[in-house]
$ cat entry.tsv   # TSV, C-alpha atoms
chain	number	residue	atom	x	y	z
A	1	MET	CA	-37.94	-21.72	40.06
A	2	LYS	CA	-39.58	-18.33	39.69
A	3	ARG	CA	-37.64	-15.66	37.85
A	4	ILE	CA	-37.31	-12.03	38.93
A	5	ILE	CA	-35.97	-9.41	36.55
A	6	VAL	CA	-34.77	-6.32	38.39
A	7	THR	CA	-34.39	-3.19	36.27
A	8	GLN	CA	-32.49	-0.07	37.29
A	9	LEU	CA	-32.28	2.71	34.72
A	10	ARG	CA	-31.14	6.31	35.20
A	11	TRP	CA	-30.43	5.65	38.86
A	12	PRO	CA	-27.01	4.94	40.47
A	13	LEU	CA	-26.59	1.53	42.03
A	14	GLN	CA	-26.48	1.62	45.85
A	15	SER	CA	-25.35	-0.87	48.45
A	16	PHE	CA	-28.87	-1.67	49.70
A	17	THR	CA	-29.86	-2.63	46.15
A	18	LEU	CA	-26.93	-5.05	46.01
A	19	ASN	CA	-28.07	-6.61	49.30
A	20	LEU	CA	-31.60	-6.98	47.93
A	21	LEU	CA	-30.39	-8.65	44.73
A	22	VAL	CA	-28.14	-11.09	46.56
A	23	THR	CA	-30.93	-12.04	48.98
A	24	LEU	CA	-33.45	-12.54	46.17
A	25	SER	CA	-30.97	-14.86	44.44
A	26	THR	CA	-31.18	-17.31	47.36
A	27	ILE	CA	-34.82	-18.00	46.47
A	28	TYR	CA	-35.35	-16.98	42.85
A	29	GLU	CA	-33.51	-16.86	39.57
A	30	VAL	CA	-32.46	-13.20	39.40
A	31	ILE	CA	-31.52	-11.16	36.35
A	32	PHE	CA	-30.38	-7.58	36.79
A	33	ILE	CA	-30.68	-5.03	33.97
A	34	ILE	CA	-28.91	-1.69	34.35
A	35	ASP	CA	-27.95	0.99	31.86
A	36	GLU	CA	-24.32	1.93	31.33
A	37	PHE	CA	-24.71	5.46	32.73
A	38	SER	CA	-26.16	4.19	36.00
A	39	LEU	CA	-23.44	1.58	36.33
A	40	LEU	CA	-20.55	3.94	35.58
A	41	SER	CA	-21.85	6.55	38.02
A	42	SER	CA	-22.25	4.01	40.84
A	43	LYS	CA	-19.75	3.79	43.69
A	44	VAL	CA	-20.35	0.13	44.52
A	45	ASP	CA	-18.74	-2.97	43.06
A	46	ILE	CA	-21.11	-5.31	41.22
A	47	LYS	CA	-18.62	-8.19	41.45
A	48	VAL	CA	-20.69	-9.61	44.31
A	49	LEU	CA	-23.63	-10.09	41.92
A	50	LYS	CA	-21.71	-12.39	39.60
A	51	GLU	CA	-20.30	-14.24	42.61
A	52	ASN	CA	-23.90	-15.06	43.55
A	53	ASN	CA	-24.82	-16.29	40.05
A	54	ILE	CA	-26.91	-13.21	39.25
A	55	LYS	CA	-26.96	-12.54	35.54
A	56	VAL	CA	-26.12	-8.88	34.90
A	57	SER	CA	-27.22	-7.38	31.58
A	58	VAL	CA	-25.83	-3.92	30.89
A	59	ILE	CA	-27.58	-1.72	28.33
A	60	LYS	CA	-24.55	-0.43	26.44
A	61	ILE	CA	-24.60	3.07	24.96
A	62	PRO	CA	-22.39	2.79	21.87
A	63	PHE	CA	-21.48	6.45	21.34
A	64	ILE	CA	-19.98	7.34	24.75
A	65	PRO	CA	-16.35	8.43	24.07
A	66	LYS	CA	-13.70	6.52	25.99
A	67	ALA	CA	-12.40	9.72	27.59
A	68	ILE	CA	-15.83	10.36	29.08
A	69	ARG	CA	-16.23	6.78	30.32
A	70	ASN	CA	-13.00	7.12	32.30
A	71	CYS	CA	-13.81	10.51	33.87
A	72	PRO	CA	-16.70	10.64	36.39
A	73	ILE	CA	-17.08	14.44	36.11
A	74	TYR	CA	-17.34	14.36	32.30
A	75	LEU	CA	-19.61	11.34	32.48
A	76	LYS	CA	-22.01	13.08	34.85
A	77	PHE	CA	-22.08	16.19	32.64
A	78	PHE	CA	-22.62	14.10	29.50
A	79	ASP	CA	-25.39	12.14	31.18
A	80	SER	CA	-27.12	15.31	32.41
A	81	ILE	CA	-27.31	16.59	28.83
A	82	LEU	CA	-28.70	13.37	27.40
A	83	TYR	CA	-31.08	12.91	30.33
A	84	ARG	CA	-32.98	16.03	29.26
A	85	SER	CA	-33.94	14.41	25.98
A	86	VAL	CA	-37.07	12.28	25.69
A	87	SER	CA	-35.69	10.98	22.40
A	88	PHE	CA	-32.52	9.70	24.07
A	89	ASN	CA	-34.50	7.95	26.80
A	90	LYS	CA	-36.66	6.29	24.14
A	91	TYR	CA	-33.47	5.22	22.38
A	92	LEU	CA	-32.08	3.86	25.65
A	93	PHE	CA	-35.27	1.88	26.21
A	94	SER	CA	-35.10	0.48	22.69
A	95	LEU	CA	-31.58	-0.80	23.39
A	96	GLY	CA	-32.92	-2.66	26.42
A	97	THR	CA	-35.98	-4.07	24.68
A	98	ASN	CA	-34.02	-6.80	22.92
A	99	ILE	CA	-32.61	-7.90	26.29
A	100	ILE	CA	-36.11	-8.17	27.71
A	101	LYS	CA	-37.38	-10.09	24.66
A	102	SER	CA	-34.54	-12.58	24.85
A	103	LEU	CA	-35.44	-13.32	28.48
A	104	GLN	CA	-39.14	-13.99	27.91
A	105	THR	CA	-38.78	-17.66	27.09
A	106	ARG	CA	-41.11	-18.88	29.82
A	107	HIS	CA	-44.75	-18.48	30.54
A	108	ASN	CA	-45.38	-15.07	32.09
A	109	ASN	CA	-46.59	-16.61	35.35
A	110	ASP	CA	-43.00	-17.61	36.05
A	111	THR	CA	-41.52	-14.12	35.58
A	112	TYR	CA	-41.88	-10.99	37.65
A	113	CYS	CA	-40.20	-7.64	37.17
A	114	ILE	CA	-39.09	-5.24	39.93
A	115	ALA	CA	-38.68	-1.74	38.52
A	116	ILE	CA	-36.55	0.65	40.56
A	117	GLU	CA	-37.84	4.22	40.26
A	118	LYS	CA	-39.73	6.02	37.48
A	119	ALA	CA	-37.40	5.49	34.52
A	120	SER	CA	-37.29	1.74	35.13
A	121	LEU	CA	-41.06	1.57	35.52
A	122	SER	CA	-41.49	3.42	32.22
A	123	PHE	CA	-39.04	1.01	30.59
A	124	CYS	CA	-40.88	-2.04	31.94
A	125	ARG	CA	-44.24	-0.73	30.82
A	126	ILE	CA	-42.93	-0.20	27.29
A	127	SER	CA	-40.71	-3.27	26.99
A	128	PHE	CA	-42.02	-5.89	29.41
A	129	SER	CA	-45.21	-7.49	28.07
A	130	SER	CA	-46.17	-9.20	31.32
A	131	GLN	CA	-48.32	-7.26	33.79
A	132	GLN	CA	-46.52	-8.83	36.75
A	133	LEU	CA	-44.76	-5.65	37.81
A	134	ILE	CA	-43.54	-4.66	41.26
A	135	TYR	CA	-42.55	-1.02	41.65
A	136	TYR	CA	-39.68	-0.01	43.97
A	137	SER	CA	-40.28	3.64	44.87
A	138	LEU	CA	-37.31	5.48	46.36
A	139	GLU	CA	-38.46	9.09	45.99
A	140	LEU	CA	-41.78	10.86	46.46
A	141	TYR	CA	-41.82	13.49	43.73
A	142	TYR	CA	-45.13	14.18	42.03
A	143	ASP	CA	-44.89	17.72	40.64
A	144	ASN	CA	-42.96	19.01	37.66
A	145	GLN	CA	-39.23	18.97	38.17
A	146	SER	CA	-36.71	21.27	36.50
A	147	ASN	CA	-36.45	18.87	33.57
A	148	LYS	CA	-40.15	18.97	32.76
A	149	ARG	CA	-40.34	17.13	29.45
A	150	VAL	CA	-38.53	13.98	30.55
A	151	TYR	CA	-40.00	14.04	34.05
A	152	ASN	CA	-43.55	14.37	32.68
A	153	TRP	CA	-42.88	11.53	30.23
A	154	PHE	CA	-41.74	9.25	33.05
A	155	ARG	CA	-44.58	10.45	35.26
A	156	LYS	CA	-47.18	9.68	32.57
A	157	HIS	CA	-46.00	6.08	32.36
A	158	GLU	CA	-45.91	5.84	36.15
A	159	LEU	CA	-49.54	6.92	36.46
A	160	MET	CA	-50.64	4.58	33.68
A	161	THR	CA	-48.95	1.61	35.35
A	162	LEU	CA	-49.81	2.06	39.03
A	163	ARG	CA	-53.23	0.44	38.87
A	164	THR	CA	-51.80	-2.76	37.38
A	165	LEU	CA	-49.01	-3.28	39.92
A	166	GLU	CA	-48.67	-6.51	41.82
A	167	GLY	CA	-46.96	-4.68	44.68
A	168	LEU	CA	-45.15	-1.54	45.77
A	169	ILE	CA	-41.82	-1.70	47.59
A	170	ILE	CA	-41.56	1.38	49.78
A	171	GLN	CA	-39.75	2.30	52.97
A	172	ASP	CA	-42.53	2.72	55.54
A	173	LYS	CA	-46.27	3.27	56.01
A	174	SER	CA	-46.11	7.08	56.09
A	175	ARG	CA	-44.48	7.11	52.65
A	176	PHE	CA	-46.93	4.50	51.34
A	177	ASP	CA	-49.91	6.56	52.55
A	178	ASN	CA	-48.45	9.67	50.95
A	179	PHE	CA	-47.78	7.80	47.70
A	180	CYS	CA	-51.38	6.61	47.54
A	181	LEU	CA	-52.76	10.05	48.42
A	182	HIS	CA	-50.85	11.91	45.72
A	183	ASN	CA	-51.54	9.26	43.08
A	184	ASN	CA	-55.27	8.99	43.87
A	185	LEU	CA	-54.96	5.35	44.79
A	186	SER	CA	-57.80	4.21	47.01
A	187	LYS	CA	-57.70	1.27	49.41
A	188	SER	CA	-60.18	-0.55	47.21
A	189	MET	CA	-57.45	-0.91	44.56
A	190	ASN	CA	-55.61	-3.25	46.91
A	191	ILE	CA	-52.10	-2.19	46.01
A	192	LYS	CA	-49.95	-4.33	48.26
A	193	PRO	CA	-47.15	-2.49	50.12
A	194	LEU	CA	-43.88	-4.31	50.73
A	195	TYR	CA	-42.05	-2.34	53.41
A	196	LEU	CA	-38.27	-2.16	53.12
A	197	PRO	CA	-36.35	0.68	54.82
A	198	VAL	CA	-33.13	1.90	53.23
A	199	THR	CA	-30.44	-0.22	54.86
A	200	VAL	CA	-26.66	-0.14	55.22
A	201	ASP	CA	-24.16	-2.83	56.05
A	202	LYS	CA	-23.22	-3.23	59.70
A	203	CYS	CA	-20.13	-1.31	60.80
A	204	TYR	CA	-18.32	-1.92	64.06
A	205	SER	CA	-17.14	1.33	65.63
A	206	GLY	CA	-14.41	-0.42	67.60
A	207	GLU	CA	-12.74	-1.40	64.34
A	208	LEU	CA	-12.67	2.17	62.98
A	209	ILE	CA	-10.58	5.18	63.96
A	210	ASP	CA	-12.58	7.74	65.92
A	211	ASN	CA	-10.38	10.84	65.74
A	212	PHE	CA	-10.28	11.57	62.01
A	213	TRP	CA	-11.78	15.07	62.31
A	214	HIS	CA	-9.70	15.93	65.36
A	215	THR	CA	-6.58	15.07	63.39
A	216	LYS	CA	-7.65	16.77	60.17
A	217	PHE	CA	-8.54	20.07	61.82
A	218	SER	CA	-6.12	19.84	64.81
A	219	LEU	CA	-8.98	20.00	67.29
A	220	ASP	CA	-8.49	19.89	71.04
A	221	SER	CA	-9.25	16.42	72.35
A	222	HIS	CA	-12.05	17.64	74.66
A	223	LEU	CA	-14.11	19.05	71.77
A	224	LYS	CA	-17.11	17.09	70.51
A	225	ILE	CA	-18.44	17.14	66.97
A	226	VAL	CA	-21.78	17.76	65.27
A	227	LEU	CA	-21.32	16.41	61.73
A	228	TYR	CA	-23.29	17.19	58.61
A	229	PHE	CA	-22.34	15.44	55.38
A	230	GLY	CA	-23.97	15.57	51.98
A	231	LEU	CA	-25.27	18.29	49.70
A	232	ILE	CA	-24.10	21.79	50.73
A	233	LYS	CA	-26.87	24.07	49.56
A	234	PRO	CA	-28.88	26.90	51.18
A	235	ASN	CA	-32.40	26.32	52.51
A	236	VAL	CA	-32.35	22.58	51.82
A	237	ARG	CA	-30.55	20.86	54.70
A	238	GLY	CA	-30.92	23.49	57.43
A	239	LEU	CA	-27.21	24.34	57.54
A	240	GLU	CA	-28.03	27.94	58.41
A	241	PHE	CA	-29.36	26.78	61.79
A	242	LEU	CA	-25.93	25.36	62.65
A	243	LEU	CA	-24.37	28.80	62.27
A	244	SER	CA	-26.11	30.06	65.39
A	245	ASP	CA	-24.86	29.56	68.93
A	246	ILE	CA	-23.86	26.02	69.94
A	247	PRO	CA	-22.43	24.59	73.20
A	248	GLU	CA	-18.85	25.68	73.93
A	249	ASP	CA	-17.47	22.14	73.97
A	250	TYR	CA	-18.87	21.35	70.50
A	251	VAL	CA	-17.76	22.22	66.98
A	252	VAL	CA	-19.71	21.93	63.73
A	253	ILE	CA	-18.15	20.13	60.77
A	254	ILE	CA	-19.82	20.41	57.36
A	255	HIS	CA	-18.56	17.93	54.79
A	256	GLY	CA	-19.75	17.50	51.23
A	257	PHE	CA	-20.19	19.18	47.88
A	258	GLY	CA	-22.52	21.76	46.40
A	259	SER	CA	-22.95	25.41	45.54
A	260	PRO	CA	-19.51	27.11	45.44
A	261	ARG	CA	-21.09	30.45	46.33
A	262	PHE	CA	-22.77	29.03	49.41
A	263	ILE	CA	-19.63	27.12	50.43
A	264	ASN	CA	-17.64	30.36	50.15
A	265	ALA	CA	-20.25	32.13	52.27
A	266	LEU	CA	-19.96	29.42	54.92
A	267	GLN	CA	-16.17	29.54	54.80
A	268	SER	CA	-16.26	33.28	55.42
A	269	LYS	CA	-17.90	32.46	58.73
A	270	SER	CA	-15.60	29.55	59.51
A	271	HIS	CA	-13.08	31.87	61.09
A	272	ARG	CA	-15.12	31.17	64.20
A	273	ASN	CA	-13.47	28.49	66.27
A	274	ASN	CA	-16.48	26.18	66.13
A	275	LEU	CA	-17.16	25.81	62.38
A	276	PHE	CA	-15.09	23.72	59.96
A	277	ILE	CA	-15.81	22.86	56.33
A	278	SER	CA	-14.49	19.92	54.33
A	279	THR	CA	-15.03	19.51	50.57
A	280	ASP	CA	-12.49	16.73	50.07
A	281	ASP	CA	-13.68	13.76	48.03
A	282	TYR	CA	-13.56	10.47	49.94
A	283	LYS	CA	-14.52	7.02	48.72
A	284	SER	CA	-17.87	5.73	49.93
A	285	SER	CA	-16.02	3.03	51.89
A	286	PHE	CA	-14.40	5.81	53.96
A	287	ILE	CA	-17.69	7.39	55.07
A	288	PRO	CA	-18.05	5.18	58.19
A	289	ILE	CA	-14.75	6.62	59.47
A	290	LEU	CA	-16.06	10.17	58.97
A	291	ILE	CA	-19.20	9.28	60.93
A	292	ASN	CA	-17.43	7.31	63.64
A	293	SER	CA	-15.34	10.39	64.38
A	294	ALA	CA	-18.47	12.44	65.16
A	295	ASP	CA	-20.68	12.61	68.26
A	296	ILE	CA	-23.97	13.84	66.78
A	297	GLY	CA	-25.24	13.54	63.21
A	298	TYR	CA	-27.12	16.50	61.77
A	299	CYS	CA	-29.73	15.09	59.38
A	300	TRP	CA	-32.23	17.89	58.97
A	301	TYR	CA	-34.22	17.89	55.71
A	302	ASN	CA	-36.36	20.83	54.63
A	303	PRO	CA	-39.93	19.49	54.98
A	304	ALA	CA	-41.13	21.46	51.95
A	305	ASP	CA	-42.10	18.31	50.05
A	306	PRO	CA	-43.03	14.74	51.02
A	307	ASN	CA	-39.77	13.25	49.80
A	308	ASN	CA	-37.70	15.36	52.21
A	309	GLU	CA	-40.23	15.45	55.02
A	310	LEU	CA	-40.67	11.67	55.32
A	311	THR	CA	-37.04	10.59	55.41
A	312	ALA	CA	-36.68	8.65	58.67
A	313	PHE	CA	-36.71	5.24	56.94
A	314	SER	CA	-35.61	6.30	53.45
A	315	SER	CA	-32.31	8.09	54.11
A	316	GLU	CA	-29.03	6.22	53.81
A	317	LYS	CA	-27.51	9.01	55.90
A	318	ILE	CA	-29.81	8.22	58.83
A	319	ALA	CA	-28.97	4.53	58.61
A	320	LEU	CA	-25.22	5.25	58.51
A	321	PHE	CA	-25.25	7.41	61.65
A	322	LEU	CA	-27.39	4.97	63.61
A	323	SER	CA	-25.27	1.99	62.51
A	324	LEU	CA	-22.34	3.49	64.43
A	325	GLY	CA	-24.36	4.51	67.48
A	326	VAL	CA	-24.30	8.21	66.62
A	327	PRO	CA	-27.49	10.05	67.73
A	328	ILE	CA	-29.12	12.34	65.19
A	329	ILE	CA	-30.85	15.70	64.93
A	330	SER	CA	-33.57	15.55	62.27
A	331	ASN	CA	-36.58	17.51	61.14
A	332	ASP	CA	-39.71	16.99	63.21
A	333	SER	CA	-42.04	15.02	60.93
A	334	ILE	CA	-44.39	12.10	61.39
A	335	SER	CA	-41.85	9.56	60.14
A	336	TYR	CA	-39.21	10.69	62.65
A	337	ARG	CA	-41.75	10.73	65.45
A	338	GLN	CA	-42.54	7.11	64.58
A	339	LEU	CA	-38.83	6.27	64.74
A	340	TYR	CA	-38.31	8.07	68.06
A	341	ASP	CA	-41.46	6.54	69.53
A	342	TYR	CA	-39.86	3.15	69.06
A	343	CYS	CA	-36.46	4.17	70.39
A	344	GLU	CA	-35.24	7.65	71.35
A	345	CYS	CA	-32.15	7.82	69.15
A	346	GLY	CA	-32.36	11.51	68.31
A	347	ILE	CA	-34.42	14.69	68.43
A	348	GLY	CA	-36.76	16.24	65.88
A	349	PHE	CA	-35.70	19.86	65.50
A	350	ASN	CA	-38.27	22.51	64.58
A	351	PRO	CA	-36.48	25.85	64.00
A	352	LYS	CA	-39.68	27.81	64.70
A	353	ARG	CA	-39.94	26.21	68.13
A	354	ASP	CA	-36.53	24.93	69.16
A	355	ASN	CA	-33.05	26.25	69.81
A	356	ILE	CA	-30.18	24.30	68.24
A	357	LYS	CA	-27.91	24.89	71.23
A	358	ASP	CA	-30.50	23.44	73.61
A	359	THR	CA	-31.11	20.50	71.27
A	360	ILE	CA	-27.42	19.60	71.17
A	361	SER	CA	-27.10	20.07	74.94
A	362	HIS	CA	-30.04	17.77	75.63
A	363	ILE	CA	-28.55	14.91	73.60
A	364	ASP	CA	-25.18	15.52	75.23
A	365	SER	CA	-26.65	15.37	78.74
A	366	LEU	CA	-28.07	11.88	78.04
A	367	TYR	CA	-25.48	10.81	75.51
A	368	SER	CA	-24.98	7.20	76.59
A	369	SER	CA	-28.70	6.54	76.38
A	370	TYR	CA	-29.08	8.21	72.99
A	371	SER	CA	-26.06	6.35	71.60
A	372	LEU	CA	-27.33	2.97	72.81
A	373	ASN	CA	-30.76	3.70	71.35
A	374	ALA	CA	-29.17	4.63	68.02
A	375	SER	CA	-27.62	1.16	67.81
A	376	LEU	CA	-30.91	-0.48	68.83
A	377	CYS	CA	-32.80	1.45	66.14
A	378	TYR	CA	-30.26	0.42	63.53
A	379	ASN	CA	-30.62	-3.24	64.47
A	380	ARG	CA	-34.40	-3.02	64.34
A	381	PHE	CA	-34.92	-1.07	61.13
A	382	PHE	CA	-31.75	-0.57	59.10
A	383	ASP	CA	-29.72	-3.79	59.32
A	384	PHE	CA	-30.65	-5.66	56.15
A	385	ASP	CA	-29.98	-9.04	57.71
A	386	ASN	CA	-32.63	-8.29	60.32
A	387	VAL	CA	-35.30	-6.80	58.03
A	388	CYS	CA	-34.91	-9.04	54.98
A	389	ASN	CA	-36.89	-11.97	56.37
A	390	ASN	CA	-39.96	-9.83	56.92
A	391	PHE	CA	-39.58	-8.37	53.44
A	392	LEU	CA	-39.22	-11.81	51.85
A	393	ASP	CA	-42.36	-13.00	53.62
A	394	GLN	CA	-44.22	-10.07	52.07
A	395	LEU	CA	-42.71	-10.80	48.65
A	396	ARG	CA	-43.66	-14.50	48.79
A	397	SER	CA	-47.29	-13.51	49.08
A	398	ILE	CA	-46.93	-12.13	45.53
A	399	VAL	CA	-44.23	-14.25	43.92
A	400	ASN	CA	-45.17	-17.83	44.79

$ encode --input "entry.tsv" --output "structure tokens"
Amino acid sequence: MKRIIVTQLRWPLQSFTLNLLVTLSTIYEVIFIIDEFSLLSSKVDIKVLKENNIKVSVIKIPFIPKAIRNCPIYLKFFDSILYRSVSFNKYLFSLGTNIIKSLQTRHNNDTYCIAIEKASLSFCRISFSSQQLIYYSLELYYDNQSNKRVYNWFRKHELMTLRTLEGLIIQDKSRFDNFCLHNNLSKSMNIKPLYLPVTVDKCYSGELIDNFWHTKFSLDSHLKIVLYFGLIKPNVRGLEFLLSDIPEDYVVIIHGFGSPRFINALQSKSHRNNLFISTDDYKSSFIPILINSADIGYCWYNPADPNNELTAFSSEKIALFLSLGVPIISNDSISYRQLYDYCECGIGFNPKRDNIKDTISHIDSLYSSYSLNASLCYNRFFDFDNVCNNFLDQLRSIVN
């Protein structure tokens, strides 16, 4: 049996990664390596991995105080400090190297490594002697980030490794083309794409309450809801467009976390009867109830960079809304046009061209059709059970 080592460093574990690991374990021997920070900051339970005979190796960080381990806020702050240090990341990699060495007991042809994001790819390049690497790219960032030293160190290893990859797991063709363009990868290099959209588990709206927001904010029953959830920050998610005029029978609910100053500025405008803000912290398992209690999902990303522009198949938020038959309003980019060409489950909103009130009204006027299409799009692209077979066929062409 072939062996696949999946590495995930400096990146929180998400539900679609769990689904991938469990599915891989039905065909291959799977070993999962994750660092302690990533595991502690994750909101999913890894118990399912052990139940499926997946060996989980955690890179322990010996000097994390117990008080920090037990407090997510302190943990995140502590991690953010250490993350800025190249020396700490080298130390973290060295802790994982012994795990890798202990696993290399077979001929290299039997072992492949899937590296999730830049830190894991850097780790594999340093610690994994085999060249049989498959890169799982989740974000399309190429320029210097705020943490330049560490980012550039990861980026250097990424660029040095790309031309030796066996394959690239990425969400869709538009992101693959962009990845190749910005990394100067020509078609002659024959990097094999393995397409895998970000998926979420199937939810059944009939099994969930659908009046959570009406109860929380004491809304009249006839009012319908445009819901935004996620990062609350100016000029990033287009929240300012929601502050303009909207249909009279709709309200806007903004739920999430972010800049206190911006949240306060929004709250100063929430005296209007059609804007409500929630900053309460709910468990990830509760998110489907928040979504099921909405009528339209607002999923606009500022198209200032490729990672935010090409989000149709790479956003867990999109998948969550569509899984519950909730139509979406997104930015108007090539990836969303590809999604809507298949099934009209939402509208691409261009603030220079469109009016948010008219956009909401148009979806509302054809709501049954948009809602049905949202469910169809979820089944086609974002239900892991439906997309995994195609992905596995692609993977078998490499790992055979």

$ closest_residue --input "entry.tsv" --among "A:Leu40, A:Ile64, A:Ile169, A:Cys203" --to "Ile114 (chain A)" --atoms "all atoms listed in the file"
A:Ile169

$ closest_residue --input "entry.tsv" --among "A:Val48, A:Phe78, A:Leu21, A:Val251" --to "Leu392 (chain A)" --atoms "only C-alpha atoms"
A:Leu21

$ closest_residue --input "entry.tsv" --among "A:Asp245, A:Phe32, A:Ala319, A:Asp354" --to "Lys202 (chain A)" --atoms "all atoms listed in the file"
A:Ala319

$ residues_around --input "entry.tsv" --residues "region 190-196 of chain A" --least-positions-apart "2" --cutoff "7 Å" --atoms "all atoms listed in the file" --output "PDB file with C-alpha atoms, in the frame of the given file"
ATOM      1  CA  LEU A 165     -49.010  -3.280  39.920  1.00  0.00           C
ATOM      2  CA  GLU A 166     -48.670  -6.510  41.820  1.00  0.00           C
ATOM      3  CA  GLY A 167     -46.960  -4.680  44.680  1.00  0.00           C
ATOM      4  CA  LEU A 168     -45.150  -1.540  45.770  1.00  0.00           C
ATOM      5  CA  ILE A 169     -41.820  -1.700  47.590  1.00  0.00           C
ATOM      6  CA  ILE A 170     -41.560   1.380  49.780  1.00  0.00           C
ATOM      7  CA  GLN A 171     -39.750   2.300  52.970  1.00  0.00           C
ATOM      8  CA  ASP A 172     -42.530   2.720  55.540  1.00  0.00           C
ATOM      9  CA  LYS A 187     -57.700   1.270  49.410  1.00  0.00           C
ATOM     10  CA  SER A 188     -60.180  -0.550  47.210  1.00  0.00           C
ATOM     11  CA  VAL A 198     -33.130   1.900  53.230  1.00  0.00           C
ATOM     12  CA  PHE A 391     -39.580  -8.370  53.440  1.00  0.00           C
ATOM     13  CA  GLN A 394     -44.220 -10.070  52.070  1.00  0.00           C
ATOM     14  CA  LEU A 395     -42.710 -10.800  48.650  1.00  0.00           C
TER      15      LEU A 395
END

$ residues_around --input "entry.tsv" --residues "Ile100 (chain A)" --least-positions-apart "4" --cutoff "9 Å" --atoms "all atoms listed in the file" --output "list in words"
Ile5, Ile33, Gly96, Gln104, Cys124, Ser127 and Phe128 of chain A

$ atom_distance --input "entry.tsv" --atom1 "CA of Met189 (chain A)" --atom2 "CA of Ser122 (chain A)"
20.6 Å

$ atom_distance --input "entry.tsv" --atom1 "CA of Asp385 (chain A)" --atom2 "CA of Ser15 (chain A)"
13.2 Å

$ atom_distance --input "entry.tsv" --atom1 "CA of Arg155 (chain A)" --atom2 "CA of Leu121 (chain A)"
9.6 Å

$ closest_residue --input "entry.tsv" --among "A:Leu320, A:Leu140, A:Gly238, A:Val399" --to "Asp177 (chain A)" --atoms "all atoms listed in the file"
A:Leu140

$ closest_residue --input "entry.tsv" --among "A:Leu95, A:Ala304, A:Ala294, A:Leu9" --to "Asn235 (chain A)" --atoms "only C-alpha atoms"
A:Ala304

$ residues_around --input "entry.tsv" --residues "Tyr151 (chain A)" --least-positions-apart "2" --cutoff "12 Å" --atoms "all atoms listed in the file" --output "VMD selection string"
chain A and resid 10 83 to 86 89 117 to 119 122 141 to 149 153 to 158

$ closest_residue --input "entry.tsv" --among "A:Val44, A:Leu20, A:Leu266, A:Ile27" --to "Lys283 (chain A)" --atoms "only C-alpha atoms"
A:Val44

$ residues_around --input "entry.tsv" --residues "Ser278 (chain A)" --least-positions-apart "2" --cutoff "10 Å" --atoms "all atoms listed in the file" --output "ChimeraX atom specification"
/A:213,216-217,229,253-257,263,267,276,280-281

$ residues_around --input "entry.tsv" --residues "Lys2 (chain A)" --least-positions-apart "6" --cutoff "9 Å" --atoms "only C-alpha atoms" --output "PDB file with C-alpha atoms, in the frame of the given file"
ATOM      1  CA  ILE A  27     -34.820 -18.000  46.470  1.00  0.00           C
ATOM      2  CA  TYR A  28     -35.350 -16.980  42.850  1.00  0.00           C
ATOM      3  CA  GLU A  29     -33.510 -16.860  39.570  1.00  0.00           C
ATOM      4  CA  VAL A  30     -32.460 -13.200  39.400  1.00  0.00           C
ATOM      5  CA  ASN A 109     -46.590 -16.610  35.350  1.00  0.00           C
ATOM      6  CA  ASP A 110     -43.000 -17.610  36.050  1.00  0.00           C
ATOM      7  CA  THR A 111     -41.520 -14.120  35.580  1.00  0.00           C
ATOM      8  CA  TYR A 112     -41.880 -10.990  37.650  1.00  0.00           C
ATOM      9  CA  VAL A 399     -44.230 -14.250  43.920  1.00  0.00           C
ATOM     10  CA  ASN A 400     -45.170 -17.830  44.790  1.00  0.00           C
TER      11      ASN A 400
END

$ axis_aligned_box --input "entry.tsv" --around "region 151-159 of chain A" --padding-each-side "8 Å" --output "JSON"
{"center_x": -44.8, "center_y": 10.1, "center_z": 33.3, "size_x": 25.5, "size_y": 24.5, "size_z": 22.2}

$ decode --input "entry.tsv" --residues "region 368-375 of chain A" --atoms "N, CA and C atoms" --output "mmCIF file, in the first residue's frame"
data_model
loop_
_atom_site.group_PDB
_atom_site.id
_atom_site.type_symbol
_atom_site.label_atom_id
_atom_site.label_comp_id
_atom_site.auth_asym_id
_atom_site.auth_seq_id
_atom_site.Cartn_x
_atom_site.Cartn_y
_atom_site.Cartn_z
ATOM 1 N N SER A 368 -37.201 31.746 -5.501
ATOM 2 C CA SER A 368 -37.294 30.282 -5.540
ATOM 3 C C SER A 368 -36.281 29.687 -6.500
ATOM 4 N N SER A 369 -36.120 30.338 -7.650
ATOM 5 C CA SER A 369 -35.172 29.852 -8.650
ATOM 6 C C SER A 369 -33.734 29.971 -8.143
ATOM 7 N N TYR A 370 -33.408 31.129 -7.569
ATOM 8 C CA TYR A 370 -32.049 31.325 -7.052
ATOM 9 C C TYR A 370 -31.744 30.338 -5.931
ATOM 10 N N SER A 371 -32.710 30.091 -5.049
ATOM 11 C CA SER A 371 -32.498 29.190 -3.925
ATOM 12 C C SER A 371 -32.280 27.752 -4.409
ATOM 13 N N LEU A 372 -33.092 27.323 -5.370
ATOM 14 C CA LEU A 372 -32.924 25.986 -5.934
ATOM 15 C C LEU A 372 -31.557 25.850 -6.597
ATOM 16 N N ASN A 373 -31.163 26.872 -7.343
ATOM 17 C CA ASN A 373 -29.870 26.838 -8.019
ATOM 18 C C ASN A 373 -28.714 26.809 -7.021
ATOM 19 N N ALA A 374 -28.898 27.479 -5.884
ATOM 20 C CA ALA A 374 -27.857 27.454 -4.850
ATOM 21 C C ALA A 374 -27.616 26.024 -4.382
ATOM 22 N N SER A 375 -28.693 25.288 -4.151
ATOM 23 C CA SER A 375 -28.564 23.887 -3.731
ATOM 24 C C SER A 375 -27.930 23.031 -4.823
#
